[in-house]
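Asker: Please read through the structure below; I'll follow up with questions.
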Amino acid sequence: MSHNPIRPWRNIERRKSRQVRVGNVLVGGDAPIAVQTMTNTPTEDAAATIAQILGCAEAGADIVRVSCPTEESTKAFREIVRESPIPLVADIHFHYRRGIEAADAGAACLRINPGNIGSPARVKEVVAAARANGCSMRIGVNGGSLEKHLLEKYGEPCPDAMVESALDHARILDDLGFHDYKISVKASDMFLTVAAYQALAEATDAPLHLGITEAGGLRTGTVKSSIGMGALLWAGIGDTIRVSLSADPVEEVKVGFEMLKSLGLRTRGVNIVACPSCARQGFDVIKTVETLEQRLAHISEPISLSIIGCVVNGPGEAAMTDLGFTGGGKESGKMFVNGRPDHNVSNADMVEHIVKLVEDKADRLRAQREAEAAEVPAE
């Protein structure tokens with residue numbers, strides 16, 4: 001829950017779901033909404049895949065999915081799991097053997113559709129492998145690959161067809177006594193996706209993995225994902241997310257976190273509040289914000305920073321952030337600390353000065369967190 005007793009209009013009541021475990025990451029219940037992405041390197045190239053996972057983890061990814069379509073890929077997957085600092089989901093489509101191999105290789109979760117991998121006996125084998133390895137599952141329904149009988153029944157991909165597909169697959173696992181699964185019902189059609197998730201949220205207490213699939217490039221995909229997934233998250237629906245972009249997976253992680261930060265559902269890194277700039281600006285706002293985003297990308301502690309071009313909105317915005325800079329006259333501006341005007345800084349020194357203040361605050365927050373952790377007695 002995102003709960004603000006002072007500003008109740010910002011509260012988001014999350015849907016109640018059961019909780020599953022993906023490695024050391026909890027999904028559902030009261031756990032933070034997890035951010036996922038997926039590698040796009042050939043899985044057989046373990047070194048390249050590991051490098052990509054490390055980059056995604058550094059950007060804040062909680063979970064990374066890796067496609068395992070071949071026996072060679074599941075062999076490489078064992079090494080990839082060993083080197084990954086975060087839990088990995090093995091993406092399995094049709095061959096049940098890949099699911100067993102990936103579970104044995106250390107997958108924290110299998111992305112699978114039980115109805116697609118063969119006879120009940122084969123499904124039972126995959127479930128047994130998952131159970132033996134402490135591996136959860138994700139039932140991943142996609143609007144572009146619905147079962148033939150559902151397309152014949154409904155005429156086209158629609159919310160009812162997607163939900164029926166998801167529940168049919170879930171029933172197979174439930175009948176085997178396996179309940180450690182989450183569900184996704186993704187489509188490239190934003191309206192279809194949102195309606196399907198809304199219906200699914202009413203039909204099951206399983207955790208839900210959100211995404212608008214094949215959303216497009218960085219700009220287009222970010223907008224579509226933010227509208228569709230944002231509407232669901234705002235309504236309290238969603239326990240883990242993946243922003244599907246035709247872009248570097250690191251960009252997916254960044255967009256996912258920005259989405260959650262804007263809704264007050266996660267806090268990580270520097271949240272920059274900035275004006276779009278106009279003729280009143282006392283410095284180049286756009287260039288400054290772009291530079292600060294790059295210079296502060298390494299900060300993981302939650303810090304808010306306002307960068308406002310003039311005194312019309314600057315003091316008011318700075319009052320709501322940890323640090324703020326408001327443009328003034330004579331090539332300088334006012335620095336705000338903890339919402340209050342503190343000191344003047346020249347435009348020429350502004351970027352370096354702000355970076356230093358943010359880094360110092362991050363160091364203090366980190367030290368405070370470590371001290372509090374040290375005070376907690378071991379169980």
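Just so we're on the same page: first chain in the structure tokens is A, next is B, and so on; residues restart at 1 for each chain, and ligands are numbered from 1 in the order they show up.
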Residues within 10 Å of A:Lys334, please, as a count of residues only. Count only C-alpha atoms; anything in the same chain fewer than 2 positions from it doesn't count.

Answerer: 22

Asker: Hey, could you make a per-residue contact list for stretch 3-57 of chain A against stretch 82-86 of chain A with 8 Å as the cut-off, showing the nearest pair of atoms and its distance in Å to one decimal, counting only C-alpha atoms, sorted by chain and number, as a Markdown table?

Answerer:
```
| residue | atom | partner | partner_atom | distance |
| --- | --- | --- | --- | --- |
| A:Ile50 | CA | A:Ser84 | CA | 6.7 |
| A:Ile53 | CA | A:Ser84 | CA | 6.8 |
| A:Leu54 | CA | A:Ser84 | CA | 6.9 |
| A:Ala57 | CA | A:Ile86 | CA | 6.9 |
```

Asker: Generate a file of the selected residues that holds N, CA and C atoms, formatted as a short mmCIF file (atom, residue, chain, number, x, y, z; two decimals), in the first residue's frame.

Answerer:
```cif
data_model
loop_
_atom_site.label_atom_id
_atom_site.label_comp_id
_atom_site.auth_asym_id
_atom_site.auth_seq_id
_atom_site.Cartn_x
_atom_site.Cartn_y
_atom_site.Cartn_z
N ILE A 50 25.46 -12.74 -18.98
CA ILE A 50 25.82 -12.35 -17.61
C ILE A 50 26.11 -10.85 -17.55
N ILE A 53 22.87 -8.99 -17.56
CA ILE A 53 22.18 -9.13 -16.28
C ILE A 53 22.82 -8.21 -15.23
N LEU A 54 24.15 -8.15 -15.20
CA LEU A 54 24.84 -7.29 -14.23
C LEU A 54 24.48 -5.83 -14.44
N ALA A 57 20.94 -5.36 -13.13
CA ALA A 57 20.92 -5.38 -11.67
C ALA A 57 21.42 -4.06 -11.11
#
```

Asker: Using only C-alpha atoms, determine which residues lie at most 7 Å from A:Glu44, disregarding the query and same-chain residues fewer than 4 positions distant; provide the list as a PyMOL selection string.

Answerer: chain A and resi 72-73+76

Asker: Skip A:Glu13 itself and residues of its chain fewer than 2 positions away, then list as a PyMOL selection string all residues within 12 Å of it, counting only C-alpha atoms.

Answerer: chain A and resi 1-4+8-11+15-16+29-30+232-238+263-265

Asker: Residues of stretch 48-176 of chain A in alpha helix (DSSP H) according to DSSP, as a short mmCIF file (atom, residue, chain, number, x, y, z; two decimals) with C-alpha atoms, in the first residue's frame?

Answerer:
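As written to disk, states_3.cif reads:
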```cif
data_model
loop_
_atom_site.label_atom_id
_atom_site.label_comp_id
_atom_site.auth_asym_id
_atom_site.auth_seq_id
_atom_site.Cartn_x
_atom_site.Cartn_y
_atom_site.Cartn_z
CA ALA A 48 27.29 -11.68 -22.87
CA THR A 49 24.14 -12.67 -21.01
CA ILE A 50 25.82 -12.35 -17.61
CA ALA A 51 27.16 -8.91 -18.57
CA GLN A 52 23.67 -7.77 -19.51
CA ILE A 53 22.18 -9.13 -16.28
CA LEU A 54 24.84 -7.29 -14.23
CA GLY A 55 23.96 -4.04 -16.01
CA CYS A 56 20.26 -4.55 -15.32
CA ALA A 57 20.92 -5.38 -11.67
CA GLU A 58 23.00 -2.22 -11.30
CA ALA A 59 20.10 -0.22 -12.73
CA GLU A 71 19.32 -27.67 -24.59
CA GLU A 72 22.45 -25.60 -25.21
CA SER A 73 20.77 -22.57 -23.62
CA THR A 74 19.76 -24.45 -20.47
CA LYS A 75 23.35 -25.72 -20.14
CA ALA A 76 24.63 -22.14 -20.33
CA PHE A 77 21.85 -21.07 -17.97
CA ARG A 78 23.48 -22.98 -15.10
CA GLU A 79 26.60 -20.79 -15.38
CA ILE A 80 24.48 -17.66 -15.83
CA VAL A 81 22.54 -18.42 -12.62
CA ARG A 82 25.80 -18.91 -10.75
CA GLU A 83 27.06 -15.45 -11.73
CA TYR A 96 8.82 -29.66 -21.17
CA ARG A 97 12.43 -30.90 -20.98
CA ARG A 98 13.68 -27.29 -21.04
CA GLY A 99 11.56 -26.56 -17.99
CA ILE A 100 13.04 -29.49 -16.07
CA GLU A 101 16.59 -28.58 -17.14
CA ALA A 102 16.14 -24.91 -16.18
CA ALA A 103 14.70 -25.79 -12.77
CA ASP A 104 17.62 -28.13 -12.13
CA PRO A 120 -0.52 -34.29 -18.09
CA ALA A 121 2.38 -36.66 -17.30
CA ARG A 122 4.87 -34.17 -18.76
CA VAL A 123 3.31 -31.26 -16.88
CA LYS A 124 3.56 -33.35 -13.72
CA GLU A 125 7.30 -33.86 -14.36
CA VAL A 126 7.91 -30.12 -14.73
CA VAL A 127 5.92 -29.38 -11.57
CA ALA A 128 7.91 -32.03 -9.70
CA ALA A 129 11.19 -30.44 -10.87
CA ALA A 130 9.97 -26.98 -9.86
CA ARG A 131 8.87 -28.21 -6.45
CA ALA A 132 12.15 -30.08 -5.86
CA LYS A 148 -7.11 -22.16 -31.15
CA HIS A 149 -10.25 -23.32 -29.35
CA LEU A 150 -10.53 -19.98 -27.52
CA LEU A 151 -10.14 -18.00 -30.74
CA GLU A 152 -12.87 -20.14 -32.28
CA LYS A 153 -15.08 -19.63 -29.24
CA TYR A 154 -14.63 -15.84 -28.94
CA PRO A 159 -10.44 -10.02 -22.23
CA ASP A 160 -12.71 -13.02 -21.57
CA ALA A 161 -10.59 -15.26 -23.81
CA MET A 162 -7.35 -14.21 -22.11
CA VAL A 163 -8.74 -14.69 -18.61
CA GLU A 164 -10.20 -18.08 -19.53
CA SER A 165 -6.82 -19.16 -20.93
CA ALA A 166 -5.03 -18.02 -17.75
CA LEU A 167 -7.49 -19.78 -15.44
CA ASP A 168 -7.38 -22.98 -17.52
CA HIS A 169 -3.59 -23.09 -17.14
CA ALA A 170 -3.82 -22.22 -13.44
CA ARG A 171 -6.28 -25.06 -12.87
CA ILE A 172 -3.73 -27.57 -14.18
CA LEU A 173 -1.24 -26.45 -11.52
CA ASP A 174 -3.88 -26.23 -8.80
CA ASP A 175 -4.99 -29.80 -9.54
#
```
